[in-house]
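One structure is given below, encoded as C-alpha cells.
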Amino acid sequence: MKKIYVIDTSVLIHDPHAPEKFEDNDIIIPITVIEELDGLKRGHGSVSYSSREALRVIDGLRTRGNLSKDVKTPGGGSLKISLKEDHAHGQGGKQLSSDDKIIKTALDMKETSDGTPVVVVSKDTAVRIKSEAQGVLAQDYKHDKTTAAREYGHVMGSGDPRAQAILSVRYQMEGGTIFRLWGRENQMAIRRQRAVSGIIPKNTDQECAIDALTSGDVQVLALTGRAGTGKTLLALAAGLSQREKGHYEQVLVARPVVPLGQDLGFLPGDVEEKLRPWMQPIFDNLDVIVGTPQEKKDDRHVFKYRSSSYLVESDAVHIEPLTYIRGRSLPGRYMIIDEAQNLRPLDIKTILTRAGEGTKVVFTGDLEQIDTPYLDSDSNGLAYLVSRFINEEFFCYLNLVKSARSALAERASTLL
C-alpha cells in the first residue's frame with residue numbers, strides 16, 4: 001500500500017541519499033529540515049559532509065520538477081518540500097521546536113491525505129515517541145537495517161546448513177579440526193593454537209580470529225563480540241606480527257570519537273595529546289603485547305621492559321583520527337578500526353574507499369554497545385558492512401562469544 005513518508009533531519013544525516021530509497025511512495029520534507037541542513041553544512045566533520053551531500057541530492061531531484069508540488073523520485077514515487085507557514089507557533093502562540101514542526105507537518109498531511117497512511121521517519125527515538133503520542137504513525141529508517149550479523153559469524157559445527165549459505169570466509173569445526181571455508185567448494189584446515197606477537201588464543205573463536213587476521217586472502221575482516229573477548233588485542237597482535245614479517249608497511253589504528261567528526265579542540269595539546277583519552281584502550285592493549293614499563297633488577301643491572309611508546313615513536317604503529325581520513329589514500333597498511341559499531345554506513349564506505357593496494361582493513365566492535373544516539377544494533381555501519389560483504393570471498397565476519405579477559409569480566413558481562 002502506498003504511503004506518505006515525512007522524513008526528518010536525522011535520516012538525511014544518516015543517509016544523504018535516503019530520498020532516493022522510498023520506492024514508489026511519496027516523500028515530504030518539511031522546510032525546517034532544509035533549514036537545519038543549511039545550518040549544519042559548514043565545517044569539516046561527517047555531519048557537515050552529510051548535510052552538504054543531502055542538499056545536493058535534493059537539488060538534483062529539483063531539476064526534475066517543482067519541489068513545492070511533486071518531483072518524481074528514482075523509485076517511482078514523489079518528493080515535495082512542505083512550506084507550511086503556520087508551523088512556527090503552536091497553541092497559545094508558543095514557538096515550536098524543529099521536531100514539533102516536523103510532527104505538525106505530518107499531522108496536517110494526515111488531515112488531507114484521503115486515507116493514505118502518513119508516517120514520520122526518524123532516527124531520533126524521541127521524535128518517534130512524540131509522533132505516536134499525537135496520533136501519527138512513526139518508524140525508524142529501515143533501508144540499511146539488517147539481521148545478517150545475528151545469523152552468521154559463529155564457528156559452525158559439522159553439517160550446519162549455514163556453511164553453504166554464504167560465500168565469504170567462514171569456519172567450521174569437525175572433530176578436532178577447524179576448517180576455513182570460502183566460496184562454494186574451497187576449504188583448508190587451519191593451524192591450531194597459533195600465537196601471534198606472544199598472544200596465545202584461549203578458545204576456538206580466537207583461533208579462527210587469528211587465522212583470519214593473518215591470512216593474506218582476507219582483505220576485510222569484521223570482528224565483533226562483547227567486552228573482553230579479545231577483539232582489539234588480537235587485531236593489534238596480528239597487525240604487529242604481519243608488519244614484522246614485511247607484509248605491511250605500518251599498523252594504522254583509529255577509533256571514532258563519538259560522534260565521528262566531533263571537533264577535538266576542547267582538549268588541550270596537540271593532536272596526539274587530544275586523542276590520548278580516546279585512544280588509551282589501544283595503548284593498554286599494546287602494553288599487554290610488548291610489556292608494561294617496569295624496572296627489573298638482577299645482580300649487576302637495572303633495566304626496564306619496553307613499552308608501547310617506542311612503537312608509536314618509530315611509526316610502526318600510527319594513531320589516525322577518523323575525522324581527517326577523508327581524501328587520503330592508504331596503501332600497504334594494516335588498518336584497525338576499533339569501536340566500529342559507532343560508525344554509520346556512510347563512514348564505513350569512506351574508510352574502505354581509502355584503502356590502497358596491499359591494505360588490509362579490520363573492523364572491531366560490540367554490536368550491543370552503541371554509543372551514538374541515532375544508531376542501533378541493526379543499523380550501525382559494522383552491521384551494514386556484514387550485510388553488504390557477506391558473499392564476498394575476500395571478506396570474513398567473526399563474532400567472538402567467550403570472554404578471555406577474566407572470569408569476573410565474563411560473569412559481569414553476563415549478569416549485568
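Labeling convention for the C-alpha cells: chains A, B, ... as they appear, residues from 1 per chain, ligands from 1 in order of appearance.
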Practice problem: Can you pull out every residue within 8 Å of stretch 234-251 of chain A, counting only C-alpha atoms, but drop anything in the same chain fewer than 2 positions away, and send it as a PyMOL selection string? | Solution: chain A and resi 196-199+206+209-210+213-214+230-232+253+285-286+289+315-318+332-336+358-359+362
Practice problem: Would you return as a PyMOL selection string the members of stretch 95-343 of chain A that DSSP assigns to strand (DSSP E) on this structure's backbone? | Solution: chain A and resi 118-121+137-139+170-174+177-182+186-189+220-225+250-254+295-297+302-304+317-319+333-337
Write the residues of the preceding selection, restricted to C-alpha atoms, as a short mmCIF file (atom, residue, chain, number, x, y, z; two decimals), in the first residue's frame.
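The resulting file, part-v3.cif, is shown below:
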data_model
loop_
_atom_site.label_atom_id
_atom_site.label_comp_id
_atom_site.auth_asym_id
_atom_site.auth_seq_id
_atom_site.Cartn_x
_atom_site.Cartn_y
_atom_site.Cartn_z
CA VAL A 118 1.19 9.14 6.84
CA VAL A 119 4.38 8.01 8.59
CA VAL A 120 7.09 10.05 10.29
CA VAL A 121 10.52 8.53 9.59
CA LEU A 137 2.50 6.62 12.73
CA ALA A 138 6.28 6.65 13.17
CA GLN A 139 9.16 4.35 12.30
CA ARG A 170 33.70 -18.81 7.46
CA TYR A 171 34.89 -21.50 9.86
CA GLN A 172 33.59 -24.97 10.58
CA MET A 173 34.76 -27.48 13.18
CA GLU A 174 34.70 -31.20 12.56
CA THR A 177 39.94 -29.93 13.14
CA ILE A 178 38.92 -26.40 12.20
CA PHE A 179 38.37 -25.72 8.51
CA ARG A 180 38.40 -22.35 6.78
CA LEU A 181 35.78 -22.29 4.01
CA TRP A 182 35.32 -19.74 1.23
CA ASN A 186 37.10 -24.17 -1.15
CA GLN A 187 38.31 -25.28 2.26
CA MET A 188 41.53 -25.86 4.20
CA ALA A 189 42.43 -26.95 7.71
CA VAL A 220 38.37 -7.06 5.05
CA LEU A 221 37.52 -8.54 8.43
CA ALA A 222 34.65 -7.70 10.78
CA LEU A 223 35.39 -8.88 14.31
CA THR A 224 32.56 -8.45 16.82
CA GLY A 225 31.93 -9.60 20.37
CA GLN A 250 52.57 0.14 9.05
CA VAL A 251 49.82 -0.70 11.52
CA LEU A 252 47.28 2.14 11.40
CA VAL A 253 44.82 2.28 14.30
CA ALA A 254 41.77 4.50 14.56
CA GLU A 295 62.05 -1.85 36.49
CA LYS A 296 63.77 -5.24 36.68
CA LYS A 297 66.90 -5.91 38.68
CA VAL A 302 68.81 -2.38 36.34
CA PHE A 303 66.76 -2.27 33.17
CA LYS A 304 63.20 -1.54 32.02
CA VAL A 317 52.00 1.98 14.82
CA HIS A 318 50.24 5.15 13.75
CA ILE A 319 47.23 6.64 15.51
CA ARG A 333 48.65 -0.58 5.73
CA TYR A 334 47.22 -2.95 8.28
CA MET A 335 44.24 -0.81 9.26
CA ILE A 336 42.40 -1.47 12.52
CA ILE A 337 39.17 0.47 13.07
#
Exercise. Tell me, as a list in words, which residues lie within 9 Å of A:Ile348, counting only C-alpha atoms; anything in the same chain fewer than 4 positions away does not count.
Key: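 Skipping anything fewer than 4 positions along the chain leaves Ala340, Leu343, Arg344, Leu352, Thr353, Gly381, Leu382, Tyr384 and Leu385 of chain A.
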Quiz item: So which residues touch A:Thr204 within 9 Å, counting only C-alpha atoms, skipping near sequence neighbours fewer than 6 positions away, as an NGL selection string?
Solution: :A and (155 or 178 or 192-193)
Quiz item: Pick the closest to A:Ser379 from A:Pro345, A:Pro281, A:Pro161, A:Gly39: which is it, counting only C-alpha atoms?
Solution: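 Of A:Pro345, A:Pro281, A:Pro161, A:Gly39, the one nearest A:Ser379 is A:Pro345, counting only C-alpha atoms.
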Quiz item: Looking at only C-alpha atoms, which of A:Arg405, A:Arg226, A:Lys41, A:Lys145 is the one that sits closest to A:Val288?
Solution: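 Answer, going by the shortest atom-to-atom distance: A:Arg405.
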Identify all residues of stretch 113-306 of chain A in helix (DSSP H, G or I) (DSSP on the backbone) and supply them as a compact mmCIF listing (two decimals) with C-alpha atoms, in the first residue's frame.
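Okay, part-v2.txt is ready:
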# COMPACT_ATOMS: atom_id res chain seq x y z
CA THR A 125 13.66 7.89 19.32
CA ALA A 126 12.09 10.96 20.96
CA VAL A 127 10.61 12.14 17.66
CA ARG A 128 9.06 8.73 17.06
CA ILE A 129 7.58 8.64 20.57
CA LYS A 130 6.13 12.16 20.28
CA SER A 131 4.70 11.37 16.85
CA GLU A 132 2.91 8.25 18.05
CA ALA A 133 1.66 10.15 21.12
CA ALA A 148 22.84 -10.75 8.88
CA ALA A 149 25.19 -10.07 11.79
CA ARG A 150 22.92 -12.16 14.03
CA GLU A 151 22.68 -15.07 11.62
CA PRO A 161 23.43 -25.62 6.64
CA ARG A 162 24.77 -22.07 7.02
CA ALA A 163 28.15 -23.33 5.83
CA GLN A 164 26.88 -23.26 2.25
CA THR A 204 38.24 -21.81 19.35
CA ASP A 205 36.82 -18.40 18.40
CA GLN A 206 40.20 -16.77 18.97
CA GLU A 207 41.97 -19.48 16.96
CA CYS A 208 39.73 -18.69 13.99
CA ALA A 209 40.19 -14.95 14.51
CA ILE A 210 43.99 -15.28 14.42
CA ASP A 211 43.75 -17.27 11.18
CA ALA A 212 41.57 -14.60 9.55
CA LEU A 213 43.70 -11.74 10.93
CA THR A 214 46.88 -13.22 9.47
CA LYS A 231 38.94 -8.38 19.55
CA THR A 232 41.29 -5.41 19.78
CA LEU A 233 44.16 -7.28 21.42
CA LEU A 234 44.20 -9.98 18.74
CA ALA A 235 43.92 -7.44 15.92
CA LEU A 236 46.87 -5.43 17.24
CA ALA A 237 48.98 -8.53 17.90
CA ALA A 238 48.29 -9.87 14.41
CA GLY A 239 48.98 -6.49 12.81
CA LEU A 240 52.35 -6.16 14.54
CA SER A 241 53.26 -9.74 13.63
CA GLN A 242 52.36 -9.22 9.99
CA ARG A 243 54.31 -5.97 9.84
CA GLU A 244 57.40 -7.60 11.33
CA VAL A 271 46.60 16.11 18.01
CA GLU A 272 48.32 13.23 19.82
CA GLU A 273 47.50 14.69 23.24
CA LYS A 274 43.90 15.36 22.22
CA LEU A 275 43.49 11.78 21.02
CA ARG A 276 45.11 10.17 24.04
CA PRO A 277 41.91 9.86 26.16
CA TRP A 278 40.06 8.25 23.23
CA MET A 279 42.98 6.01 22.25
CA GLN A 280 44.00 4.87 25.74
CA PRO A 281 42.41 1.40 25.27
CA ILE A 282 44.72 0.93 22.27
CA PHE A 283 47.79 1.80 24.33
CA ASP A 284 46.59 -0.53 27.10
CA ASN A 285 46.44 -3.42 24.61
CA LEU A 286 49.83 -2.54 23.14
CA ASP A 287 51.31 -2.61 26.62
CA VAL A 288 49.91 -6.11 27.11
CA ILE A 289 51.65 -7.19 23.90
CA VAL A 290 55.06 -5.55 24.39
Near-stretch 57-66 of chain A list (12 Å; only C-alpha atoms; drop same-chain fewer than 2 positions) as a PDB file with C-alpha atoms, in the first residue's frame:
ATOM      1  CA  LEU A  12      19.315  12.653   5.925  1.00  0.00           C
ATOM      2  CA  ASP A  15      21.927   8.578   4.757  1.00  0.00           C
ATOM      3  CA  PRO A  16      22.062  11.623   2.452  1.00  0.00           C
ATOM      4  CA  HIS A  17      20.635   9.520  -0.391  1.00  0.00           C
ATOM      5  CA  ALA A  18      17.562   8.481   1.614  1.00  0.00           C
ATOM      6  CA  PRO A  19      15.116  10.424  -0.662  1.00  0.00           C
ATOM      7  CA  GLU A  20      16.015   8.010  -3.467  1.00  0.00           C
ATOM      8  CA  LYS A  21      15.215   4.893  -1.416  1.00  0.00           C
ATOM      9  CA  ILE A  27       8.114  11.806   0.486  1.00  0.00           C
ATOM     10  CA  ILE A  28       7.511  15.050   2.351  1.00  0.00           C
ATOM     11  CA  ILE A  29      10.487  17.059   3.617  1.00  0.00           C
ATOM     12  CA  VAL A  33      14.672  20.163   7.706  1.00  0.00           C
ATOM     13  CA  ILE A  34      16.212  22.126   4.831  1.00  0.00           C
ATOM     14  CA  LEU A  37      20.745  21.069   6.910  1.00  0.00           C
ATOM     15  CA  SER A  50      26.339  14.566   5.098  1.00  0.00           C
ATOM     16  CA  SER A  51      24.381  17.838   5.232  1.00  0.00           C
ATOM     17  CA  ARG A  52      26.033  19.095   2.053  1.00  0.00           C
ATOM     18  CA  GLU A  53      25.531  15.773   0.304  1.00  0.00           C
ATOM     19  CA  ALA A  54      21.850  15.618   1.302  1.00  0.00           C
ATOM     20  CA  LEU A  55      21.274  19.129  -0.061  1.00  0.00           C
ATOM     21  CA  SER A  68       6.710  22.830  -3.982  1.00  0.00           C
ATOM     22  CA  LYS A  69       4.478  20.419  -5.881  1.00  0.00           C
ATOM     23  CA  ASP A  70       5.710  16.935  -6.747  1.00  0.00           C
ATOM     24  CA  VAL A  71       9.056  15.786  -8.143  1.00  0.00           C
ATOM     25  CA  LYS A  72       9.433  12.203  -9.342  1.00  0.00           C
ATOM     26  CA  THR A  73      11.962  10.063  -7.439  1.00  0.00           C
ATOM     27  CA  PRO A  74      14.018   7.204  -8.969  1.00  0.00           C
ATOM     28  CA  GLY A  77       7.326   7.966  -6.023  1.00  0.00           C
ATOM     29  CA  SER A  78       7.412  11.707  -5.469  1.00  0.00           C
ATOM     30  CA  LEU A  79       9.198  14.283  -3.328  1.00  0.00           C
ATOM     31  CA  LYS A  80       7.769  17.540  -2.028  1.00  0.00           C
ATOM     32  CA  ILE A  81       9.111  20.270   0.244  1.00  0.00           C
ATOM     33  CA  SER A  82       6.423  21.374   2.699  1.00  0.00           C
TER      34      SER A  82
END
Quiz item: So what do you get for atom CA of A:Pro256 versus atom CA of A:Leu322, distance-wise?
Solution: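 According to the coordinates, atom CA of A:Pro256 and atom CA of A:Leu322 are separated by 6.0 Å.
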Practice problem: In Å, rounded to a single decimal, give me how far atom CA of A:Thr146 is from atom CA of A:Asn203. | Solution: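 So the answer is 28.2 Å.
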Practice problem: Have a look at atom CA of A:Glu313 and atom CA of A:Gly216 and let me know their distance in Å, one decimal. | Solution: 27.0 Å
Quiz item: Of the residues A:Ile13, A:Ile4, A:Ile166, A:Leu40, which is the one nearest to A:Asp108, using only C-alpha atoms?
Solution: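 Closest to A:Asp108 of all the choices is A:Ile4.
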